[in-house]
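A.B. asks: So here's entry-v2.cif, just mmCIF, C-alpha atoms:
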```cif
data_target
#
loop_
_atom_site.label_atom_id
_atom_site.label_comp_id
_atom_site.auth_asym_id
_atom_site.auth_seq_id
_atom_site.Cartn_x
_atom_site.Cartn_y
_atom_site.Cartn_z
CA MET A 266 160.81 134.85 173.60
CA PRO A 267 162.45 131.42 174.11
CA GLY A 268 163.77 129.86 170.96
CA ALA A 269 163.99 126.22 172.16
CA THR A 270 160.30 125.44 172.23
CA THR A 271 159.47 122.90 169.54
CA THR A 272 156.33 121.28 170.99
CA ARG A 273 153.50 121.35 168.48
CA ARG A 274 150.10 122.38 169.79
CA PRO A 275 147.95 119.22 169.75
CA SER A 276 144.94 119.29 167.48
CA PRO A 277 141.50 117.88 168.37
CA GLN A 278 142.25 115.01 165.99
CA ASP A 279 145.36 114.09 168.02
CA PHE A 280 143.32 113.96 171.21
CA LEU A 281 140.65 111.82 169.56
CA GLU A 282 143.38 109.42 168.43
CA LEU A 283 144.63 109.14 172.02
CA VAL A 284 141.11 108.45 173.24
CA GLU A 285 140.59 105.75 170.63
CA ARG A 286 143.95 104.19 171.44
CA GLY A 287 143.11 104.15 175.13
CA LYS A 288 139.90 102.22 174.72
CA ARG A 289 140.06 98.84 176.38
CA GLY A 290 138.72 95.81 174.57
CA ARG A 291 135.66 93.91 175.79
CA LEU A 292 135.79 90.31 176.99
CA LYS A 293 133.16 87.63 176.46
CA LEU A 294 133.71 84.21 178.03
CA TYR A 295 132.07 80.90 177.27
CA LEU A 296 132.15 78.87 180.47
CA GLY A 297 131.64 75.11 180.57
CA PHE A 298 131.88 72.31 183.13
CA ALA A 299 133.82 69.83 180.97
CA ALA A 300 135.37 69.25 177.57
CA GLY A 301 132.77 68.59 174.89
CA VAL A 302 129.96 70.91 176.02
CA GLY A 303 130.42 73.03 172.88
CA LYS A 304 132.52 76.07 173.90
CA THR A 305 134.75 76.13 170.80
CA TRP A 306 131.80 75.39 168.52
CA ARG A 307 129.80 78.30 169.91
CA MET A 308 132.77 80.68 169.68
CA LEU A 309 133.31 79.81 166.03
CA GLU A 310 129.60 80.15 165.26
CA GLU A 311 129.66 83.61 166.80
CA ALA A 312 132.82 84.47 164.85
CA HIS A 313 131.07 83.63 161.56
CA ALA A 314 128.00 85.63 162.56
CA LEU A 315 130.20 88.64 163.33
CA LYS A 316 132.08 88.24 160.06
CA GLN A 317 128.79 88.22 158.11
CA ARG A 318 127.96 91.54 159.74
CA GLY A 319 131.23 93.05 158.52
CA VAL A 320 133.20 92.75 161.79
CA ASP A 321 136.95 92.15 161.46
CA VAL A 322 137.35 88.88 163.40
CA VAL A 323 140.26 86.42 163.49
CA GLY A 324 141.06 83.14 165.19
CA ALA A 325 143.96 84.00 167.50
CA PHE A 326 144.09 80.46 168.86
CA VAL A 327 141.49 77.78 168.14
CA GLU A 328 141.85 74.19 169.36
CA THR A 329 139.72 71.62 167.50
CA HIS A 330 140.96 68.59 169.49
CA GLY A 331 140.75 66.63 166.25
CA ARG A 332 136.96 67.03 165.97
CA PRO A 333 136.03 67.20 162.25
CA GLU A 334 132.82 69.18 162.79
CA THR A 335 134.72 71.81 164.79
CA ALA A 336 137.54 71.97 162.23
CA ALA A 337 134.96 72.53 159.48
CA LEU A 338 133.87 75.76 161.18
CA ILE A 339 137.33 77.28 160.68
CA ARG A 340 137.33 76.81 156.91
CA ASP A 341 136.70 80.42 155.83
CA LEU A 342 137.75 82.16 159.04
CA GLU A 343 141.04 84.05 159.09
CA VAL A 344 143.41 82.37 161.52
CA VAL A 345 146.64 83.94 162.77
CA PRO A 346 149.44 81.36 162.32
CA ARG A 347 150.71 79.87 165.56
CA ARG A 348 154.16 80.54 166.91
CA LYS A 349 156.31 77.39 166.85
CA VAL A 350 158.86 76.97 169.62
CA GLU A 351 161.23 74.08 170.24
CA TYR A 352 161.28 73.15 173.93
CA ARG A 353 163.20 70.16 175.25
CA GLY A 354 163.37 68.61 171.81
CA VAL A 355 159.65 69.02 171.10
CA VAL A 356 158.08 71.63 168.82
CA VAL A 357 155.32 73.43 170.74
CA GLU A 358 152.69 75.60 169.04
CA GLU A 359 151.55 78.70 170.92
CA MET A 360 149.30 81.64 170.20
CA ASP A 361 151.43 84.31 168.50
CA LEU A 362 150.57 87.28 170.71
CA ASP A 363 152.81 89.71 168.84
CA ALA A 364 151.28 88.72 165.49
CA VAL A 365 147.73 89.19 166.82
CA LEU A 366 148.66 92.58 168.28
CA ALA A 367 150.21 93.60 164.96
CA ARG A 368 147.15 92.38 163.03
CA LYS A 369 144.90 94.28 165.50
CA PRO A 370 141.50 92.80 164.59
CA ALA A 371 138.29 94.08 166.10
CA VAL A 372 137.63 90.65 167.67
CA ALA A 373 140.03 87.79 168.48
CA ILE A 374 138.88 84.23 169.28
CA VAL A 375 141.02 82.66 172.02
CA ASP A 376 140.53 79.05 173.10
CA GLU A 377 142.07 77.15 176.05
CA ILE A 378 142.57 80.25 178.19
CA PRO A 379 144.01 78.40 181.26
CA HIS A 380 146.92 77.12 179.13
CA THR A 381 150.48 77.57 180.41
CA ASN A 382 152.76 79.08 177.77
CA VAL A 383 156.12 77.56 176.93
CA PRO A 384 158.99 79.03 179.01
CA GLY A 385 160.46 82.11 177.38
CA SER A 386 157.09 83.45 176.20
CA ARG A 387 156.17 87.07 176.90
CA ASN A 388 153.61 85.90 179.48
CA ALA A 389 153.54 82.75 181.58
CA LYS A 390 149.81 82.13 181.00
CA ARG A 391 147.42 82.57 178.10
CA TRP A 392 144.96 84.51 180.26
CA GLN A 393 147.72 87.12 180.59
CA ASP A 394 147.97 87.19 176.80
CA VAL A 395 144.24 87.91 176.72
CA LEU A 396 144.70 90.85 179.09
CA ALA A 397 147.39 92.19 176.74
CA LEU A 398 144.94 91.99 173.82
CA LEU A 399 142.26 93.79 175.83
CA SER A 400 144.72 96.52 176.83
CA ALA A 401 145.50 97.02 173.14
CA GLY A 402 141.80 97.63 172.44
CA ILE A 403 141.16 94.21 170.88
CA ASN A 404 137.88 92.55 171.88
CA VAL A 405 138.21 88.90 172.88
CA ILE A 406 135.82 85.96 172.84
CA GLY A 407 137.33 83.16 174.90
CA ALA A 408 136.57 79.88 176.61
CA LEU A 409 137.45 77.97 179.76
CA ASN A 410 136.02 75.29 182.05
CA ILE A 411 134.84 75.95 185.59
CA GLN A 412 137.39 73.61 187.20
CA HIS A 413 140.19 75.94 186.14
CA LEU A 414 139.05 78.78 188.44
CA GLU A 415 141.78 79.20 191.05
CA SER A 416 139.49 79.65 194.07
CA LEU A 417 137.68 76.38 193.29
CA ASN A 418 140.90 74.34 193.18
CA ASP A 419 140.57 72.80 196.66
CA LEU A 420 136.84 72.21 196.23
CA ILE A 421 137.43 70.41 192.92
CA LEU A 422 140.09 68.23 194.54
CA ARG A 423 137.81 67.26 197.44
CA ASN A 424 134.87 66.42 195.21
CA THR A 425 136.57 64.79 192.23
CA SER A 426 139.96 63.66 193.60
CA VAL A 427 141.54 65.50 190.66
CA ARG A 428 144.06 68.31 191.19
CA VAL A 429 143.73 70.80 188.35
CA ARG A 430 147.20 72.16 187.62
CA GLU A 431 146.40 74.98 185.19
CA THR A 432 144.29 77.69 186.82
CA VAL A 433 142.91 81.14 186.07
CA PRO A 434 142.54 83.73 188.86
CA ASP A 435 138.98 84.70 189.73
CA ALA A 436 139.93 88.33 189.06
CA PHE A 437 140.22 87.41 185.39
CA LEU A 438 136.61 86.21 185.35
CA LEU A 439 135.61 89.58 186.80
CA GLU A 440 137.18 91.23 183.74
CA ALA A 441 134.51 89.64 181.55
CA ASP A 442 131.76 91.92 180.28
CA GLN A 443 129.65 88.86 179.46
CA VAL A 444 129.78 85.26 180.72
CA VAL A 445 127.81 82.59 178.86
CA ASN A 446 127.33 79.26 180.60
CA LEU A 447 127.09 76.31 178.20
CA ASP A 448 124.97 73.78 180.04
CA LEU A 449 124.42 70.21 178.92
CA ALA A 450 122.82 67.24 180.66
CA VAL A 451 125.44 64.86 182.05
CA GLU A 452 123.78 61.98 180.16
CA ASP A 453 124.06 63.88 176.87
CA LEU A 454 127.72 64.70 177.50
CA LEU A 455 128.53 61.04 178.23
CA GLU A 456 126.67 60.06 175.06
CA ARG A 457 128.84 62.49 173.08
CA LEU A 458 131.96 61.04 174.70
CA GLN A 459 131.03 57.44 173.90
CA ALA A 460 130.19 58.41 170.31
CA GLY A 461 133.75 59.66 169.84
CA LYS A 462 132.74 63.34 169.54
CA ILE A 463 135.00 64.54 172.36
CA TYR A 464 138.12 62.35 172.40
CA PRO A 465 139.54 59.74 170.02
CA ARG A 466 138.21 56.21 170.59
CA GLU A 467 141.37 55.00 172.31
CA LYS A 468 141.08 57.68 175.02
CA ILE A 469 137.41 57.07 175.89
CA PRO A 470 137.90 54.24 178.46
CA TRP A 471 140.48 56.30 180.37
CA ALA A 472 138.20 59.38 180.37
CA LEU A 473 135.25 57.33 181.70
CA GLU A 474 137.38 55.97 184.54
CA HIS A 475 138.75 59.34 185.57
CA PHE A 476 137.32 62.84 185.00
CA PHE A 477 134.17 61.77 183.13
CA ARG A 478 132.61 59.82 185.98
CA ASP A 479 128.96 60.65 186.71
CA PRO A 480 129.54 62.17 190.21
CA ASN A 481 132.42 64.33 188.94
CA LEU A 482 130.41 65.74 186.05
CA ALA A 483 127.35 66.39 188.23
CA THR A 484 129.49 68.32 190.73
CA LEU A 485 131.20 70.37 188.01
CA ARG A 486 127.89 71.15 186.32
CA GLU A 487 126.44 72.41 189.61
CA LEU A 488 129.52 74.57 190.24
CA SER A 489 129.29 76.04 186.76
CA LEU A 490 125.62 76.94 187.15
CA ARG A 491 126.29 78.44 190.58
CA GLU A 492 129.26 80.50 189.34
CA VAL A 493 127.26 82.10 186.54
CA ALA A 494 124.38 82.82 188.92
CA GLU A 495 126.79 84.52 191.32
CA SER A 496 128.33 86.42 188.42
CA LEU A 497 124.90 87.78 187.54
CA ASP A 498 124.31 88.67 191.20
CA ARG A 499 127.62 90.53 191.32
CA SER A 500 126.75 92.47 188.15
CA ALA A 501 123.38 93.43 189.60
CA ALA A 502 125.00 94.45 192.89
CA GLN A 503 127.58 96.57 191.09
CA ALA A 504 124.83 98.38 189.21
CA ALA A 505 122.92 98.97 192.45
CA LEU A 506 125.98 100.10 194.39
CA LYS A 507 127.30 102.76 192.03
CA GLY A 508 128.50 105.89 193.77
CA ALA A 509 130.99 106.64 196.52
CA GLU A 510 128.46 106.53 199.37
CA ALA A 511 127.26 103.04 198.49
CA THR A 512 130.83 101.79 198.07
CA ALA A 513 131.81 103.21 201.44
CA THR A 514 129.14 101.18 203.25
CA ARG A 515 130.40 97.81 202.03
CA GLY A 516 132.52 95.73 204.39
CA ARG A 517 135.76 94.22 203.15
CA VAL A 518 137.23 90.74 203.46
CA MET A 519 140.62 90.21 205.06
CA VAL A 520 142.83 87.12 205.13
CA ALA A 521 145.40 87.00 207.94
CA LEU A 522 148.52 85.29 206.64
CA SER A 523 151.55 84.08 208.57
CA SER A 524 155.03 83.84 207.08
CA ASN A 525 154.84 80.19 206.03
CA PRO A 526 151.43 78.59 206.62
CA PRO A 527 151.13 75.07 205.16
CA HIS A 528 147.66 75.78 203.75
CA ALA A 529 148.14 79.33 202.47
CA LEU A 530 146.59 78.65 199.05
CA ALA A 531 143.42 77.27 200.62
CA LEU A 532 143.09 80.43 202.75
CA LEU A 533 143.65 82.68 199.74
CA ARG A 534 141.09 80.80 197.66
CA ARG A 535 138.57 81.06 200.51
CA GLY A 536 139.15 84.82 200.68
CA SER A 537 138.75 85.21 196.93
CA ARG A 538 135.48 83.28 196.89
CA MET A 539 134.04 85.22 199.84
CA ALA A 540 135.00 88.60 198.37
CA GLY A 541 133.39 87.54 195.10
CA ARG A 542 130.15 86.54 196.80
CA LEU A 543 130.03 89.77 198.81
CA ASN A 544 131.07 91.80 195.75
CA THR A 545 133.69 93.67 197.74
CA ASP A 546 137.42 94.31 197.94
CA TRP A 547 139.69 92.09 199.97
CA TYR A 548 143.05 92.25 201.69
CA VAL A 549 145.76 89.77 202.50
CA VAL A 550 147.63 91.03 205.56
CA TYR A 551 150.94 89.68 206.84
CA VAL A 552 152.52 90.90 210.08
CA GLU A 553 156.31 90.88 210.11
CA THR A 554 157.55 90.38 213.68
CA PRO A 555 161.14 91.27 214.69
CA SER A 556 162.09 87.58 214.46
CA GLU A 557 160.79 87.50 210.86
CA ALA A 558 162.73 90.47 209.52
CA PRO A 559 164.21 89.85 206.05
CA ASP A 560 167.71 89.39 207.51
CA ARG A 561 166.48 86.85 210.10
CA ILE A 562 163.80 84.78 208.35
CA ASP A 563 165.02 81.53 206.80
CA SER A 564 165.26 81.38 203.01
CA GLU A 565 162.57 78.70 202.58
CA SER A 566 159.99 80.70 204.56
CA GLN A 567 160.94 83.82 202.60
CA ARG A 568 160.41 81.99 199.30
CA HIS A 569 157.02 80.62 200.40
CA LEU A 570 155.97 84.07 201.59
CA LEU A 571 156.87 85.67 198.24
CA ASP A 572 155.01 82.91 196.36
CA ASN A 573 151.92 83.43 198.54
CA VAL A 574 152.04 87.20 198.02
CA GLU A 575 152.23 86.72 194.24
CA LYS A 576 149.30 84.27 194.31
CA ALA A 577 147.23 86.66 196.45
CA ARG A 578 147.75 89.46 193.92
CA GLU A 579 146.86 87.07 191.10
CA LEU A 580 143.58 86.36 192.87
CA GLY A 581 142.81 90.08 193.10
CA ALA A 582 143.77 90.88 196.70
CA GLU A 583 145.54 93.97 197.94
CA VAL A 584 148.54 92.68 199.88
CA VAL A 585 149.60 94.60 202.99
CA ARG A 586 152.69 94.00 205.12
CA LEU A 587 152.66 95.35 208.67
CA ARG A 588 155.55 95.45 211.13
CA SER A 589 154.77 94.76 214.79
CA ASP A 590 155.75 92.58 217.74
CA ASP A 591 152.01 92.17 218.45
CA PRO A 592 150.52 90.36 215.39
CA ALA A 593 146.97 90.12 216.76
CA GLY A 594 146.87 93.79 217.73
CA ALA A 595 148.24 94.92 214.37
CA LEU A 596 145.74 92.76 212.45
CA LEU A 597 142.79 94.04 214.48
CA GLU A 598 143.87 97.68 214.15
CA PHE A 599 144.17 97.32 210.36
CA ALA A 600 140.81 95.53 210.11
CA ARG A 601 138.99 98.25 212.05
CA SER A 602 140.59 101.12 210.12
CA HIS A 603 139.78 99.52 206.74
CA ARG A 604 136.14 98.59 207.39
CA VAL A 605 136.75 94.83 207.37
CA SER A 606 133.57 92.88 207.97
CA ASP A 607 134.89 89.34 207.48
CA LEU A 608 138.22 88.13 208.83
CA ILE A 609 139.56 84.78 207.60
CA VAL A 610 142.26 82.97 209.57
CA GLY A 611 143.60 79.43 209.53
CA ARG A 612 143.54 77.15 212.55
CA THR A 613 147.10 76.44 213.67
CA ALA A 614 148.21 73.42 215.65
CA HIS A 615 149.64 74.49 219.03
CA PRO A 616 150.28 72.28 222.05
CA ARG A 617 147.48 72.59 224.58
CA TRP A 618 149.89 73.68 227.34
CA ARG A 619 150.93 76.67 225.27
CA SER A 620 147.36 77.97 224.92
CA LEU A 621 146.85 77.54 228.68
CA LEU A 622 149.84 79.76 229.45
CA ARG A 623 148.83 82.57 227.08
CA ARG A 624 146.27 83.29 224.42
CA THR A 625 147.31 82.53 220.86
CA VAL A 626 146.91 85.00 217.99
CA LEU A 627 143.83 83.08 216.86
CA GLN A 628 142.22 83.23 220.31
CA ARG A 629 142.83 86.97 220.53
CA LEU A 630 141.34 87.56 217.08
CA VAL A 631 138.22 85.58 217.99
CA ASP A 632 137.87 87.30 221.38
CA GLU A 633 138.60 90.87 220.33
CA ALA A 634 137.21 91.20 216.77
CA ALA A 635 134.05 92.99 217.86
CA GLY A 636 131.79 93.91 214.94
CA MET A 637 133.49 91.45 212.57
CA ASP A 638 132.71 87.89 211.53
CA VAL A 639 135.76 85.70 212.13
CA HIS A 640 136.00 82.64 209.87
CA VAL A 641 138.35 80.03 211.33
CA VAL A 642 139.31 77.61 208.55
CA SER A 643 140.14 74.05 209.49
CA PHE A 644 142.39 72.13 207.11
CA GLU A 645 141.96 68.65 208.51
CA GLY A 646 142.38 66.09 205.76
CA GLU A 647 143.39 68.66 203.13
CA ALA A 648 146.55 68.62 201.07
CA THR A 649 149.04 71.47 201.49
CA ALA A 650 149.61 71.99 197.76
#
```
Can the structure in the file be given as structure tokens, please?

C.D. replies:
Amino acid sequence: MPGATTTRRPSPQDFLELVERGKRGRLKLYLGFAAGVGKTWRMLEEAHALKQRGVDVVGAFVETHGRPETAALIRDLEVVPRRKVEYRGVVVEEMDLDAVLARKPAVAIVDEIPHTNVPGSRNAKRWQDVLALLSAGINVIGALNIQHLESLNDLILRNTSVRVRETVPDAFLLEADQVVNLDLAVEDLLERLQAGKIYPREKIPWALEHFFRDPNLATLRELSLREVAESLDRSAAQAALKGAEATATRGRVMVALSSNPPHALALLRRGSRMAGRLNTDWYVVYVETPSEAPDRIDSESQRHLLDNVEKARELGAEVVRLRSDDPAGALLEFARSHRVSDLIVGRTAHPRWRSLLRRTVLQRLVDEAAGMDVHVVSFEGEATA
């Protein structure tokens, strides 16, 4: 009989503890189309309602934007002190993720989810902090505006002439167990702005001239309503398509990516949106030709490729690298073997004489993708960033 065995036989209580520890937190998101629609207010109201019912709830990060009525709602709510970090001579206040994890409340209120954390933080983005809280079994009630969704970035720029710099991947929205759209008439929102209920008086003229113009707000409101409607459709589709047989019948979306396309982000956002609407998985596929081997590709193209791969994964895609001297053939073979129904490819600018001498990759994909819908994206007039 071996004498080195010291492992204790686990009891049922030990297993139950493991099960409890493995439970993932739930996520509820308040979605708005602009500052001032009432996201923070509604989160704090819900926090007080939960507290009255005996739920252990804390404010992990709440931003009042200097609004007295919002600040008043925090008065008897436990708030985890912010982490103060000096960066480039300025003291920055961040959500203290470690302190919230150590406190381990049942529910954490997290505002300004698209926020970029100060360099040196555990995570680059606050939405990643939220995922850490969920993984630790902490339920989160959070808020963000529609214009911060990554896949809408190009659409927002075209319609409002504003490039939103802080974004949240659409895959994060899919993590939400509940999405609540806070709708408000554009006229009412502008009235709140002019009454000083959104920004201080000195900032109102600038806001009216820029983001808070009537057409901008109308567009954002429509996008917000549409996104929540599609979210409900996706939830209904997921409920209807439970089971392996139903999943197997769904077609997938595939984005064909070259090593350094100038409009890669626009392609990736298009793929993310389409996969979301179809409620299906999607791939980003890159074919490495012999001339693009790691030891032959130039450093700038390599850097852009790695950035695009990281962004694709952020948006929820499965990234696949193939090696072949026949890019079109490799892409088509992968698409057929992985039940791809929709293939997205960007239009590239080639001299006309070149296409007369031989078919381009795009022409071959269009000609030979039998049984698939090929979406050729034109980028005329669009920025590359």

A.B. asks: Determine the residue set returned by the PyMOL selection byres ((chain A and resi 556-560) around 12) for the present structure, and present it as an NGL selection string.

C.D. replies: :A and (523-525 or 551-555 or 561-568 or 570-571 or 586-592)

A.B. asks: Under the rule that all atoms listed in the file are counted, which of A:Leu533, A:Leu417, A:Leu292, A:Ile339 is the nearest residue to A:Ala373?

C.D. replies: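 For A:Ala373, the nearest of the given residues is A:Leu292.
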
A.B. asks: Return as a PyMOL selection string the set of residues that the PyMOL selection byres ((chain A and resi 579) around 10) yields on the displayed structure.

C.D. replies: chain A and resi 415+433-437+573-578+580-583

A.B. asks: Run the PyMOL selection byres ((chain A and resi 309-326) around 6) against the file shown and list the residues it catches, as a PyMOL selection string.

C.D. replies: chain A and resi 306-308+327+343-345+360+370-376

A.B. asks: For the atom pair atom CA of A:Arg478 and atom CA of A:Asn410, what is the interatomic distance in Å to one decimal place?

C.D. replies: 16.3 Å

A.B. asks: Taking all atoms listed in the file into account, name the residue in A:Pro346, A:Gly354, A:Gly407, A:Gly385 that is nearest to A:Gly297.

C.D. replies: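 Checking each candidate against A:Gly297, we get A:Gly407 as the closest.
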
A.B. asks: What does the distance from atom CA of A:Leu409 to atom CA of A:Arg517 come to in Å, to one decimal?

C.D. replies: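 So the two atoms, atom CA of A:Leu409 and atom CA of A:Arg517, lie 28.5 Å apart.
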
A.B. asks: Tell me which protein, DNA and RNA residues are within 8 Å of stretch 438-453 of chain A, counting only C-alpha atoms, leaving out same-chain ones fewer than 4 positions away, and put them as a ChimeraX atom specification.

C.D. replies: /A:291-298,302-304,434,457,479,482-483,486,489-490,493,496

A.B. asks: Have a look at A:Leu596, A:Leu608, A:Ala300, A:Leu543 and name the one nearest to A:Leu454; count only C-alpha atoms.

C.D. replies: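 Ranked by minimum distance to A:Leu454, first place goes to A:Ala300.
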